[in-house]
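Text of data-v6.pdb, listed as PDB, C-alpha atoms and all ligand atoms:
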ATOM      1  CA  MET Z   1      21.253 -12.949 -41.899  1.00  0.00           C
ATOM      2  CA  SER Z   2      23.030 -10.727 -44.399  1.00  0.00           C
ATOM      3  CA  GLN Z   3      23.805  -7.102 -43.676  1.00  0.00           C
ATOM      4  CA  THR Z   4      21.256  -6.045 -46.291  1.00  0.00           C
ATOM      5  CA  ALA Z   5      18.500  -8.126 -44.739  1.00  0.00           C
ATOM      6  CA  ARG Z   6      19.236  -6.719 -41.324  1.00  0.00           C
ATOM      7  CA  GLN Z   7      19.094  -3.168 -42.637  1.00  0.00           C
ATOM      8  CA  ALA Z   8      15.741  -3.942 -44.230  1.00  0.00           C
ATOM      9  CA  ARG Z   9      14.136  -4.106 -40.769  1.00  0.00           C
ATOM     10  CA  PRO Z  10      15.184  -1.171 -38.606  1.00  0.00           C
ATOM     11  CA  PRO Z  11      13.960  -1.270 -35.003  1.00  0.00           C
ATOM     12  CA  LEU Z  12      10.449  -0.124 -34.119  1.00  0.00           C
ATOM     13  CA  TRP Z  13       9.312   1.428 -30.845  1.00  0.00           C
ATOM     14  CA  SER Z  14       6.471  -0.481 -29.239  1.00  0.00           C
ATOM     15  CA  PRO Z  15       4.505   0.410 -26.107  1.00  0.00           C
ATOM     16  CA  PRO Z  16       5.469  -2.298 -23.571  1.00  0.00           C
ATOM     17  CA  LEU Z  17       1.977  -2.820 -22.116  1.00  0.00           C
ATOM     18  CA  LEU Z  18      -0.417  -2.150 -24.973  1.00  0.00           C
ATOM     19  CA  GLY Z  19       1.941  -3.724 -27.501  1.00  0.00           C
ATOM     20  CA  ALA Z  20       1.908  -6.959 -25.483  1.00  0.00           C
ATOM     21  CA  LEU Z  21      -1.899  -7.280 -25.362  1.00  0.00           C
ATOM     22  CA  PRO Z  22      -3.110 -10.422 -27.115  1.00  0.00           C
ATOM     23  CA  GLY Z  23      -4.329  -9.707 -30.625  1.00  0.00           C
ATOM     24  CA  VAL Z  24      -2.933  -6.160 -30.769  1.00  0.00           C
ATOM     25  CA  LYS Z  25       0.093  -4.834 -32.651  1.00  0.00           C
ATOM     26  CA  ALA Z  26       1.374  -1.306 -32.059  1.00  0.00           C
ATOM     27  CA  ALA Z  27       4.626   0.258 -33.214  1.00  0.00           C
ATOM     28  CA  ALA Z  28       6.223   3.570 -34.076  1.00  0.00           C
ATOM     29  CA  THR Z  29       8.800   3.973 -36.814  1.00  0.00           C
ATOM     30  CA  ASN Z  30      11.814   6.266 -36.762  1.00  0.00           C
ATOM     31  CA  ARG Z  31      13.808   8.024 -39.454  1.00  0.00           C
ATOM     32  CA  ALA Z  32      15.517   4.742 -40.406  1.00  0.00           C
ATOM     33  CA  TRP Z  33      12.150   3.758 -41.904  1.00  0.00           C
ATOM     34  CA  GLY Z  34      12.090   6.915 -43.998  1.00  0.00           C
ATOM     35  CA  ASP Z  35       9.318   9.407 -44.660  1.00  0.00           C
ATOM     36  CA  LEU Z  36       5.805   7.941 -44.421  1.00  0.00           C
ATOM     37  CA  ALA Z  37       3.847  11.063 -45.355  1.00  0.00           C
ATOM     38  CA  GLY Z  38       4.884  11.950 -48.893  1.00  0.00           C
ATOM     39  CA  ALA Z  39       2.829  11.370 -52.019  1.00  0.00           C
ATOM     40  CA  ASP Z  40       5.948  10.218 -53.898  1.00  0.00           C
ATOM     41  CA  ALA Z  41       7.071   6.700 -54.785  1.00  0.00           C
ATOM     42  CA  GLN Z  42       9.683   6.598 -52.032  1.00  0.00           C
ATOM     43  CA  ALA Z  43       7.148   7.309 -49.278  1.00  0.00           C
ATOM     44  CA  ALA Z  44       4.798   4.729 -50.815  1.00  0.00           C
ATOM     45  CA  ALA Z  45       7.625   2.179 -50.734  1.00  0.00           C
ATOM     46  CA  ASN Z  46       8.352   3.090 -47.103  1.00  0.00           C
ATOM     47  CA  ARG Z  47       4.718   2.564 -46.136  1.00  0.00           C
ATOM     48  CA  GLU Z  48       4.660  -0.757 -47.993  1.00  0.00           C
ATOM     49  CA  ARG Z  49       7.803  -1.889 -46.189  1.00  0.00           C
ATOM     50  CA  LEU Z  50       6.164  -1.018 -42.859  1.00  0.00           C
ATOM     51  CA  ARG Z  51       2.968  -2.871 -43.764  1.00  0.00           C
ATOM     52  CA  ALA Z  52       4.940  -5.966 -44.738  1.00  0.00           C
ATOM     53  CA  ALA Z  53       7.177  -5.820 -41.645  1.00  0.00           C
ATOM     54  CA  LEU Z  54       4.109  -5.793 -39.389  1.00  0.00           C
ATOM     55  CA  GLY Z  55       2.453  -8.600 -41.366  1.00  0.00           C
ATOM     56  CA  LEU Z  56      -0.625  -6.501 -42.123  1.00  0.00           C
ATOM     57  CA  GLY Z  57      -3.111  -6.938 -44.935  1.00  0.00           C
ATOM     58  CA  GLY Z  58      -3.509  -3.205 -45.444  1.00  0.00           C
ATOM     59  CA  LEU Z  59      -2.656   0.204 -44.108  1.00  0.00           C
ATOM     60  CA  ALA Z  60      -5.077   3.132 -43.785  1.00  0.00           C
ATOM     61  CA  TRP Z  61      -4.073   6.742 -43.328  1.00  0.00           C
ATOM     62  CA  ALA Z  62      -5.759  10.095 -43.738  1.00  0.00           C
ATOM     63  CA  HIS Z  63      -4.932  13.622 -44.788  1.00  0.00           C
ATOM     64  CA  GLN Z  64      -4.258  15.043 -41.319  1.00  0.00           C
ATOM     65  CA  VAL Z  65      -5.348  18.628 -40.754  1.00  0.00           C
ATOM     66  CA  HIS Z  66      -4.948  19.113 -36.973  1.00  0.00           C
ATOM     67  CA  GLY Z  67      -8.697  18.752 -36.569  1.00  0.00           C
ATOM     68  CA  THR Z  68     -10.878  16.357 -34.582  1.00  0.00           C
ATOM     69  CA  GLU Z  69     -12.616  14.388 -37.340  1.00  0.00           C
ATOM     70  CA  ILE Z  70     -12.475  10.616 -36.748  1.00  0.00           C
ATOM     71  CA  LEU Z  71     -13.215   7.989 -39.396  1.00  0.00           C
ATOM     72  CA  ALA Z  72     -14.302   4.388 -38.919  1.00  0.00           C
ATOM     73  CA  VAL Z  73     -12.421   2.357 -41.528  1.00  0.00           C
ATOM     74  CA  GLU Z  74     -14.021  -0.982 -42.259  1.00  0.00           C
ATOM     75  CA  ASP Z  75     -12.777  -1.756 -45.744  1.00  0.00           C
ATOM     76  CA  GLY Z  76      -9.340  -3.126 -46.548  1.00  0.00           C
ATOM     77  CA  GLY Z  77      -7.515   0.169 -46.400  1.00  0.00           C
ATOM     78  CA  GLN Z  78      -4.351   0.529 -48.451  1.00  0.00           C
ATOM     79  CA  GLY Z  79      -4.631   4.101 -49.476  1.00  0.00           C
ATOM     80  CA  PRO Z  80      -5.175   7.589 -48.256  1.00  0.00           C
ATOM     81  CA  LEU Z  81      -8.606   8.519 -46.921  1.00  0.00           C
ATOM     82  CA  GLY Z  82     -10.071  12.008 -46.719  1.00  0.00           C
ATOM     83  CA  GLU Z  83      -9.320  14.678 -44.159  1.00  0.00           C
ATOM     84  CA  ALA Z  84      -9.273  13.271 -40.634  1.00  0.00           C
ATOM     85  CA  ASP Z  85      -7.102  13.136 -37.526  1.00  0.00           C
ATOM     86  CA  GLY Z  86      -8.402   9.926 -36.048  1.00  0.00           C
ATOM     87  CA  LEU Z  87      -9.013   6.434 -37.420  1.00  0.00           C
ATOM     88  CA  ALA Z  88     -10.835   3.505 -35.840  1.00  0.00           C
ATOM     89  CA  THR Z  89     -11.530  -0.046 -36.930  1.00  0.00           C
ATOM     90  CA  ALA Z  90     -12.743  -3.479 -35.876  1.00  0.00           C
ATOM     91  CA  ARG Z  91     -11.148  -5.068 -38.919  1.00  0.00           C
ATOM     92  CA  PRO Z  92      -8.292  -7.501 -38.181  1.00  0.00           C
ATOM     93  CA  GLY Z  93      -5.137  -7.048 -40.235  1.00  0.00           C
ATOM     94  CA  LEU Z  94      -5.768  -3.391 -41.060  1.00  0.00           C
ATOM     95  CA  GLY Z  95      -3.101  -1.018 -39.746  1.00  0.00           C
ATOM     96  CA  LEU Z  96      -4.171   2.508 -38.772  1.00  0.00           C
ATOM     97  CA  LEU Z  97      -1.304   4.916 -39.480  1.00  0.00           C
ATOM     98  CA  ILE Z  98      -0.825   8.350 -37.927  1.00  0.00           C
ATOM     99  CA  LYS Z  99       2.048  10.429 -39.385  1.00  0.00           C
ATOM    100  CA  GLN Z 100       4.045  12.612 -37.028  1.00  0.00           C
ATOM    101  CA  ALA Z 101       6.903  15.007 -36.462  1.00  0.00           C
ATOM    102  CA  ASP Z 102       6.512  16.055 -32.786  1.00  0.00           C
ATOM    103  CA  CYS Z 103       2.747  15.486 -32.605  1.00  0.00           C
ATOM    104  CA  GLN Z 104       1.638  12.522 -30.520  1.00  0.00           C
ATOM    105  CA  ALA Z 105      -0.121   9.459 -31.821  1.00  0.00           C
ATOM    106  CA  VAL Z 106      -2.501   8.166 -29.182  1.00  0.00           C
ATOM    107  CA  VAL Z 107      -3.423   4.533 -29.765  1.00  0.00           C
ATOM    108  CA  LEU Z 108      -6.489   3.048 -28.094  1.00  0.00           C
ATOM    109  CA  ALA Z 109      -7.330  -0.646 -27.876  1.00  0.00           C
ATOM    110  CA  ALA Z 110     -10.157  -2.750 -26.480  1.00  0.00           C
ATOM    111  CA  PRO Z 111      -8.757  -6.187 -27.339  1.00  0.00           C
ATOM    112  CA  GLU Z 112     -11.665  -8.147 -25.876  1.00  0.00           C
ATOM    113  CA  ARG Z 113     -14.008  -6.161 -28.118  1.00  0.00           C
ATOM    114  CA  GLY Z 114     -11.720  -6.252 -31.134  1.00  0.00           C
ATOM    115  CA  VAL Z 115     -11.739  -2.467 -31.578  1.00  0.00           C
ATOM    116  CA  ILE Z 116      -8.820  -0.060 -31.965  1.00  0.00           C
ATOM    117  CA  ALA Z 117      -8.193   3.597 -32.797  1.00  0.00           C
ATOM    118  CA  ASN Z 118      -5.268   5.871 -33.567  1.00  0.00           C
ATOM    119  CA  LEU Z 119      -5.446   9.619 -32.936  1.00  0.00           C
ATOM    120  CA  HIS Z 120      -3.257  12.456 -34.227  1.00  0.00           C
ATOM    121  CA  VAL Z 121      -2.778  14.740 -31.231  1.00  0.00           C
ATOM    122  CA  GLY Z 122      -0.628  17.797 -31.703  1.00  0.00           C
ATOM    123  CA  TRP Z 123      -1.014  20.763 -29.399  1.00  0.00           C
ATOM    124  CA  ARG Z 124      -4.066  21.804 -31.371  1.00  0.00           C
ATOM    125  CA  GLY Z 125      -5.479  18.335 -30.822  1.00  0.00           C
ATOM    126  CA  ASN Z 126      -4.788  18.570 -27.102  1.00  0.00           C
ATOM    127  CA  ALA Z 127      -6.362  22.008 -26.971  1.00  0.00           C
ATOM    128  CA  ALA Z 128      -9.445  20.664 -28.802  1.00  0.00           C
ATOM    129  CA  GLY Z 129      -9.759  17.637 -26.503  1.00  0.00           C
ATOM    130  CA  MET Z 130      -8.967  15.059 -29.184  1.00  0.00           C
ATOM    131  CA  PRO Z 131      -8.068  12.227 -26.737  1.00  0.00           C
ATOM    132  CA  GLY Z 132     -11.523  12.449 -25.135  1.00  0.00           C
ATOM    133  CA  LYS Z 133     -13.208  12.735 -28.530  1.00  0.00           C
ATOM    134  CA  GLY Z 134     -11.525   9.491 -29.574  1.00  0.00           C
ATOM    135  CA  VAL Z 135     -12.803   7.689 -26.491  1.00  0.00           C
ATOM    136  CA  ALA Z 136     -16.328   9.057 -27.089  1.00  0.00           C
ATOM    137  CA  PHE Z 137     -16.179   7.964 -30.738  1.00  0.00           C
ATOM    138  CA  LEU Z 138     -15.403   4.364 -29.773  1.00  0.00           C
ATOM    139  CA  ARG Z 139     -18.335   4.337 -27.380  1.00  0.00           C
ATOM    140  CA  GLU Z 140     -20.778   5.777 -29.904  1.00  0.00           C
ATOM    141  CA  ARG Z 141     -19.644   3.827 -32.961  1.00  0.00           C
ATOM    142  CA  TYR Z 142     -18.618   0.508 -31.420  1.00  0.00           C
ATOM    143  CA  GLY Z 143     -20.227   0.433 -27.966  1.00  0.00           C
ATOM    144  CA  VAL Z 144     -16.843   0.273 -26.217  1.00  0.00           C
ATOM    145  CA  GLU Z 145     -16.879   1.590 -22.654  1.00  0.00           C
ATOM    146  CA  PRO Z 146     -13.916   3.793 -21.634  1.00  0.00           C
ATOM    147  CA  GLY Z 147     -13.047   1.364 -18.841  1.00  0.00           C
ATOM    148  CA  GLU Z 148     -12.428  -1.340 -21.444  1.00  0.00           C
ATOM    149  CA  LEU Z 149      -9.730   0.698 -23.190  1.00  0.00           C
ATOM    150  CA  HIS Z 150      -5.975   0.583 -23.014  1.00  0.00           C
ATOM    151  CA  ALA Z 151      -3.996   3.572 -24.322  1.00  0.00           C
ATOM    152  CA  ALA Z 152      -0.435   4.384 -25.303  1.00  0.00           C
ATOM    153  CA  VAL Z 153       1.123   7.696 -26.294  1.00  0.00           C
ATOM    154  CA  SER Z 154       3.863   7.509 -28.925  1.00  0.00           C
ATOM    155  CA  PRO Z 155       7.128   9.474 -28.948  1.00  0.00           C
ATOM    156  CA  GLY Z 156       6.355  13.181 -29.372  1.00  0.00           C
ATOM    157  CA  LEU Z 157       7.179  16.671 -28.170  1.00  0.00           C
ATOM    158  CA  GLY Z 158       8.525  16.443 -24.626  1.00  0.00           C
ATOM    159  CA  ALA Z 159       8.089  18.967 -21.843  1.00  0.00           C
ATOM    160  CA  CYS Z 160      11.836  19.630 -22.234  1.00  0.00           C
ATOM    161  CA  CYS Z 161      11.191  21.180 -25.673  1.00  0.00           C
ATOM    162  CA  GLY Z 162       7.487  22.078 -25.427  1.00  0.00           C
ATOM    163  CA  GLN Z 163       7.902  25.830 -25.514  1.00  0.00           C
ATOM    164  CA  PHE Z 164       4.755  27.821 -26.346  1.00  0.00           C
ATOM    165  CA  VAL Z 165       5.621  31.512 -26.440  1.00  0.00           C
ATOM    166  CA  ASN Z 166       2.000  32.407 -27.242  1.00  0.00           C
ATOM    167  CA  TRP Z 167       0.482  29.977 -24.762  1.00  0.00           C
ATOM    168  CA  ARG Z 168      -1.982  32.538 -23.477  1.00  0.00           C
ATOM    169  CA  GLU Z 169      -3.611  32.650 -26.916  1.00  0.00           C
ATOM    170  CA  GLU Z 170      -2.976  29.075 -28.042  1.00  0.00           C
ATOM    171  CA  LEU Z 171      -3.680  26.861 -25.051  1.00  0.00           C
ATOM    172  CA  PRO Z 172      -6.778  26.592 -22.856  1.00  0.00           C
ATOM    173  CA  GLU Z 173      -6.561  27.862 -19.297  1.00  0.00           C
ATOM    174  CA  SER Z 174      -6.838  24.302 -17.976  1.00  0.00           C
ATOM    175  CA  PHE Z 175      -3.362  23.671 -19.435  1.00  0.00           C
ATOM    176  CA  LEU Z 176      -1.795  25.729 -16.663  1.00  0.00           C
ATOM    177  CA  ALA Z 177      -1.807  22.391 -14.827  1.00  0.00           C
ATOM    178  CA  PHE Z 178       0.782  21.130 -17.337  1.00  0.00           C
ATOM    179  CA  LYS Z 179       2.932  24.258 -17.463  1.00  0.00           C
ATOM    180  CA  GLN Z 180       6.579  24.033 -16.472  1.00  0.00           C
ATOM    181  CA  GLY Z 181       8.630  27.136 -15.860  1.00  0.00           C
ATOM    182  CA  GLU Z 182       8.011  30.217 -18.002  1.00  0.00           C
ATOM    183  CA  ASP Z 183       6.352  28.798 -21.108  1.00  0.00           C
ATOM    184  CA  ARG Z 184       6.927  25.065 -21.467  1.00  0.00           C
ATOM    185  CA  PHE Z 185       4.075  22.564 -21.413  1.00  0.00           C
ATOM    186  CA  ASP Z 186       3.967  18.819 -20.820  1.00  0.00           C
ATOM    187  CA  LEU Z 187       1.564  17.655 -23.519  1.00  0.00           C
ATOM    188  CA  GLU Z 188       2.122  13.996 -22.661  1.00  0.00           C
ATOM    189  CA  ALA Z 189       0.755  14.740 -19.192  1.00  0.00           C
ATOM    190  CA  ALA Z 190      -2.122  16.672 -20.782  1.00  0.00           C
ATOM    191  CA  THR Z 191      -3.042  13.666 -22.913  1.00  0.00           C
ATOM    192  CA  ARG Z 192      -2.887  11.349 -19.917  1.00  0.00           C
ATOM    193  CA  ALA Z 193      -5.156  13.665 -17.910  1.00  0.00           C
ATOM    194  CA  GLN Z 194      -7.590  13.952 -20.819  1.00  0.00           C
ATOM    195  CA  LEU Z 195      -7.795  10.161 -21.123  1.00  0.00           C
ATOM    196  CA  ILE Z 196      -8.401   9.766 -17.380  1.00  0.00           C
ATOM    197  CA  THR Z 197     -11.139  12.412 -17.544  1.00  0.00           C
ATOM    198  CA  ALA Z 198     -12.668  10.423 -20.420  1.00  0.00           C
ATOM    199  CA  GLY Z 199     -12.899   7.376 -18.146  1.00  0.00           C
ATOM    200  CA  LEU Z 200      -9.734   5.342 -18.738  1.00  0.00           C
ATOM    201  CA  ALA Z 201      -8.044   3.634 -15.804  1.00  0.00           C
ATOM    202  CA  PRO Z 202      -4.718   5.402 -15.061  1.00  0.00           C
ATOM    203  CA  GLU Z 203      -2.836   2.097 -14.969  1.00  0.00           C
ATOM    204  CA  ARG Z 204      -3.987   1.377 -18.516  1.00  0.00           C
ATOM    205  CA  ILE Z 205      -2.355   4.505 -19.951  1.00  0.00           C
ATOM    206  CA  GLU Z 206       1.312   4.438 -20.899  1.00  0.00           C
ATOM    207  CA  THR Z 207       3.493   7.198 -22.312  1.00  0.00           C
ATOM    208  CA  SER Z 208       6.777   6.811 -24.171  1.00  0.00           C
ATOM    209  CA  GLY Z 209       8.763   9.498 -22.375  1.00  0.00           C
ATOM    210  CA  VAL Z 210      10.631   9.983 -25.673  1.00  0.00           C
ATOM    211  CA  CYS Z 211      10.982  13.583 -26.914  1.00  0.00           C
ATOM    212  CA  THR Z 212      11.225  13.736 -30.698  1.00  0.00           C
ATOM    213  CA  VAL Z 213      13.040  17.082 -30.631  1.00  0.00           C
ATOM    214  CA  CYS Z 214      15.796  15.707 -28.369  1.00  0.00           C
ATOM    215  CA  ASP Z 215      16.005  12.250 -29.933  1.00  0.00           C
ATOM    216  CA  ARG Z 216      17.442  12.542 -33.436  1.00  0.00           C
ATOM    217  CA  ASP Z 217      16.185   9.072 -34.339  1.00  0.00           C
ATOM    218  CA  TYR Z 218      12.838  10.746 -35.034  1.00  0.00           C
ATOM    219  CA  TYR Z 219      11.692  13.397 -37.461  1.00  0.00           C
ATOM    220  CA  SER Z 220      11.021  16.650 -35.620  1.00  0.00           C
ATOM    221  CA  TYR Z 221       9.281  19.625 -37.154  1.00  0.00           C
ATOM    222  CA  ARG Z 222      10.437  21.907 -34.350  1.00  0.00           C
ATOM    223  CA  ARG Z 223      14.054  20.876 -34.802  1.00  0.00           C
ATOM    224  CA  ASP Z 224      14.321  20.535 -38.603  1.00  0.00           C
ATOM    225  CA  HIS Z 225      11.203  22.246 -40.074  1.00  0.00           C
ATOM    226  CA  GLY Z 226      11.007  19.457 -42.665  1.00  0.00           C
ATOM    227  CA  THR Z 227       8.103  17.700 -44.355  1.00  0.00           C
ATOM    228  CA  GLU Z 228       9.152  14.169 -43.454  1.00  0.00           C
ATOM    229  CA  ARG Z 229       7.085  12.208 -40.952  1.00  0.00           C
ATOM    230  CA  PHE Z 230       7.608   9.047 -38.966  1.00  0.00           C
ATOM    231  CA  GLY Z 231       4.512   7.154 -37.960  1.00  0.00           C
ATOM    232  CA  THR Z 232       2.682   5.074 -35.407  1.00  0.00           C
ATOM    233  CA  VAL Z 233       0.570   2.095 -36.421  1.00  0.00           C
ATOM    234  CA  ILE Z 234      -1.923   0.032 -34.460  1.00  0.00           C
ATOM    235  CA  ALA Z 235      -3.638  -3.071 -35.779  1.00  0.00           C
ATOM    236  CA  LEU Z 236      -5.659  -6.052 -34.664  1.00  0.00           C
ATOM    237  CA  ALA Z 237      -3.878  -9.303 -35.447  1.00  0.00           C
ATOM    238  CA  ARG Z 238      -5.336 -11.261 -38.326  1.00  0.00           C
ATOM    239  CA  ARG Z 239      -7.362 -14.263 -37.263  1.00  0.00           C
ATOM    240  CA  SER Z 240      -5.596 -17.448 -38.299  1.00  0.00           C
TER     241      SER Z 240
HETATM  242 ZN    ZN Z 301      13.141  17.505 -25.707  1.00  0.00          ZN
END
Go through the file and emit its structure as structure tokens.
Ligand SMILES: [Zn+2]
Amino acid sequence: MSQTARQARPPLWSPPLLGALPGVKAAATNRAWGDLAGADAQAAANRERLRAALGLGGLAWAHQVHGTEILAVEDGGQGPLGEADGLATARPGLGLLIKQADCQAVVLAAPERGVIANLHVGWRGNAAGMPGKGVAFLRERYGVEPGELHAAVSPGLGACCGQFVNWREELPESFLAFKQGEDRFDLEAATRAQLITAGLAPERIETSGVCTVCDRDYYSYRRDHGTERFGTVIALARRS
């Protein structure tokens, strides 16, 4: 393989358990894949390179607004949708992309049912209960029971860097359970607890343990205050 060809496929992070489920693909990019959020030609080329690398027929993403709206995407994708912070599908070969710079992507999969989702969960998403809303959406829209789901939390803001000076105003009182020291919060632990409350089996939830502020392989809004975003994708394998 030439040097150029090798550089064309930088490494991807994949959740060891969920990523190994039959019929499911899940991966997070890093800054070597470039910005996935922009409306410019470079970001479009980066998204296309990701789609091709994962062998997907299409990629769907939304205009993320730190809300709790979730969309079921059942067409071919390949383009931006409206405002939403969660995407779900039963369509094989369609990648659901969440763009991030410290926020978590929470991927959900029920491989036996052929249903997946990807949720954008920043601290506002945690505070609004987005993980549980995603689980409820899959039950209502697709009839998937929480006990059928596997979940993985992508690289994101770690407790090491999760300082919230205004936590009394910004975070619900229940988040005291995830508080460390003066004003740091473990949002990965919050997501895990929210998924367990929603009915997922603890052994089916995995977290990356990777802090995007500490690890310079990732874009970090807290560290760099930039507009670039890496991304997490989940897809159902195409039926052959
Ligand atoms: Zn950190």
Hey, which residues come within 7 Å of ligand ZN 301 (chain Z) if we count all atoms listed in the file? Could you give them as a ChimeraX atom specification?
/Z:157-161,211-214
Identify, on the basis of all atoms listed in the file, every residue whose closest approach to segment 89-91 of chain Z does not exceed 6 Å; exclude the query and any residue fewer than 5 positions from it along the same chain; express the result as a PyMOL selection string.
chain Z and resi 72-74+114-116
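Nearest to Leu21 of chain Z of all the residues Z:Glu112, Z:Glu69, Z:Asp217, Z:Asp183 is Z:Glu112, counting all atoms listed in the file.
Near Gly23 of chain Z, within a cut-off of 7 Å and counting all atoms listed in the file, sit the residues Z:Pro111, Z:Leu236, Z:Ala237, with same-chain residues fewer than 6 positions away left out.
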Could you tell me which of Z:Ala177, Z:Ala128, Z:Ile205, Z:Ile234 comes closest to Arg51 of chain Z if we count only C-alpha atoms?
Z:Ile234
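Considering all atoms listed in the file, the residue among Z:Gly147, Z:Gly125, Z:Gly76, Z:Gly134 positioned nearest to Pro202 of chain Z is Z:Gly147.
Contact shell of Ile70 of chain Z at 9 Å (all atoms listed in the file; same-chain neighbours under 5 positions omitted): Ala84, Asp85, Gly86, Leu87, Ala88, Leu119, Lys133, Gly134 and Phe137 of chain Z.
With all atoms listed in the file as the atoms that count, the minimum distance from Arg238 of chain Z to the choices Z:Arg216, Z:Arg49, Z:Arg31, Z:Lys25 is reached by Z:Lys25.
Using only C-alpha atoms, the smallest distance between any of Z:Asp102, Z:Glu203, Z:Glu182, Z:Glu169 and His150 of chain Z comes from Z:Glu203.
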Can you work out which one of Z:Ala32, Z:His225, Z:Gly181, Z:Ala110 has the shortest atom-to-atom distance to Gly143 of chain Z, counting all atoms listed in the file?
Z:Ala110
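Evaluated on this file, the PyMOL selection byres (((chain Z and resi 233) around 10) and not hetatm) matches Ser14, Lys25, Ala26, Ala27, Ala28, Thr29, Leu50, Arg51, Leu54, Leu59, Ala60, Trp61, Leu94, Gly95, Leu96, Leu97, Ile98, Lys99, Ala105, Val106, Val107, Ala117, Asn118, Ser154, Gly231, Thr232, Ile234 and Ala235 of chain Z.
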Output C-alpha atoms for every residue in the selection just made, as a PDB file, in the frame of the given file.
ATOM      1  CA  SER Z  14       6.471  -0.481 -29.239  1.00  0.00           C
ATOM      2  CA  LYS Z  25       0.093  -4.834 -32.651  1.00  0.00           C
ATOM      3  CA  ALA Z  26       1.374  -1.306 -32.059  1.00  0.00           C
ATOM      4  CA  ALA Z  27       4.626   0.258 -33.214  1.00  0.00           C
ATOM      5  CA  ALA Z  28       6.223   3.570 -34.076  1.00  0.00           C
ATOM      6  CA  THR Z  29       8.800   3.973 -36.814  1.00  0.00           C
ATOM      7  CA  LEU Z  50       6.164  -1.018 -42.859  1.00  0.00           C
ATOM      8  CA  ARG Z  51       2.968  -2.871 -43.764  1.00  0.00           C
ATOM      9  CA  LEU Z  54       4.109  -5.793 -39.389  1.00  0.00           C
ATOM     10  CA  LEU Z  59      -2.656   0.204 -44.108  1.00  0.00           C
ATOM     11  CA  ALA Z  60      -5.077   3.132 -43.785  1.00  0.00           C
ATOM     12  CA  TRP Z  61      -4.073   6.742 -43.328  1.00  0.00           C
ATOM     13  CA  LEU Z  94      -5.768  -3.391 -41.060  1.00  0.00           C
ATOM     14  CA  GLY Z  95      -3.101  -1.018 -39.746  1.00  0.00           C
ATOM     15  CA  LEU Z  96      -4.171   2.508 -38.772  1.00  0.00           C
ATOM     16  CA  LEU Z  97      -1.304   4.916 -39.480  1.00  0.00           C
ATOM     17  CA  ILE Z  98      -0.825   8.350 -37.927  1.00  0.00           C
ATOM     18  CA  LYS Z  99       2.048  10.429 -39.385  1.00  0.00           C
ATOM     19  CA  ALA Z 105      -0.121   9.459 -31.821  1.00  0.00           C
ATOM     20  CA  VAL Z 106      -2.501   8.166 -29.182  1.00  0.00           C
ATOM     21  CA  VAL Z 107      -3.423   4.533 -29.765  1.00  0.00           C
ATOM     22  CA  ALA Z 117      -8.193   3.597 -32.797  1.00  0.00           C
ATOM     23  CA  ASN Z 118      -5.268   5.871 -33.567  1.00  0.00           C
ATOM     24  CA  SER Z 154       3.863   7.509 -28.925  1.00  0.00           C
ATOM     25  CA  GLY Z 231       4.512   7.154 -37.960  1.00  0.00           C
ATOM     26  CA  THR Z 232       2.682   5.074 -35.407  1.00  0.00           C
ATOM     27  CA  ILE Z 234      -1.923   0.032 -34.460  1.00  0.00           C
ATOM     28  CA  ALA Z 235      -3.638  -3.071 -35.779  1.00  0.00           C
TER      29      ALA Z 235
END
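Across the structure, atom CA of His66 of chain Z and atom CA of Trp123 of chain Z are spaced 8.7 Å apart.
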Specify as a PDB file with C-alpha atoms, in the coordinates of the input each residue included when the PyMOL selection byres (((chain Z and resi 194) around 9) and not hetatm) is applied to this file.
ATOM      1  CA  ASN Z 126      -4.788  18.570 -27.102  1.00  0.00           C
ATOM      2  CA  GLY Z 129      -9.759  17.637 -26.503  1.00  0.00           C
ATOM      3  CA  MET Z 130      -8.967  15.059 -29.184  1.00  0.00           C
ATOM      4  CA  PRO Z 131      -8.068  12.227 -26.737  1.00  0.00           C
ATOM      5  CA  GLY Z 132     -11.523  12.449 -25.135  1.00  0.00           C
ATOM      6  CA  ALA Z 189       0.755  14.740 -19.192  1.00  0.00           C
ATOM      7  CA  ALA Z 190      -2.122  16.672 -20.782  1.00  0.00           C
ATOM      8  CA  THR Z 191      -3.042  13.666 -22.913  1.00  0.00           C
ATOM      9  CA  ARG Z 192      -2.887  11.349 -19.917  1.00  0.00           C
ATOM     10  CA  ALA Z 193      -5.156  13.665 -17.910  1.00  0.00           C
ATOM     11  CA  LEU Z 195      -7.795  10.161 -21.123  1.00  0.00           C
ATOM     12  CA  ILE Z 196      -8.401   9.766 -17.380  1.00  0.00           C
ATOM     13  CA  THR Z 197     -11.139  12.412 -17.544  1.00  0.00           C
ATOM     14  CA  ALA Z 198     -12.668  10.423 -20.420  1.00  0.00           C
ATOM     15  CA  GLY Z 199     -12.899   7.376 -18.146  1.00  0.00           C
TER      16      GLY Z 199
END
Translate the PyMOL selection byres (((chain Z and resi 229) around 10) and not hetatm), as applied to the file shown, into an explicit residue set as JSON, numbers by chain.
{"Z": [29, 30, 31, 33, 34, 35, 36, 37, 38, 43, 98, 99, 100, 101, 102, 103, 218, 219, 220, 221, 226, 227, 228, 230, 231]}
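Taking atom CA of Pro22 of chain Z and atom CA of Glu148 of chain Z as the two end points, the separation is 14.2 Å.
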For atom CA of Gly122 of chain Z and atom CA of Leu17 of chain Z, determine how far apart the two atoms are, in Å to one decimal place.
22.9 Å
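All polymer residues at most 10 Å from (-5.3, 27.7, -26.2), using only C-alpha atoms, appear as Z:Trp123, Z:Arg124, Z:Asn126, Z:Ala127, Z:Ala128, Z:Asn166, Z:Trp167, Z:Arg168, Z:Glu169, Z:Glu170, Z:Leu171, Z:Pro172, Z:Glu173, Z:Ser174, Z:Phe175.
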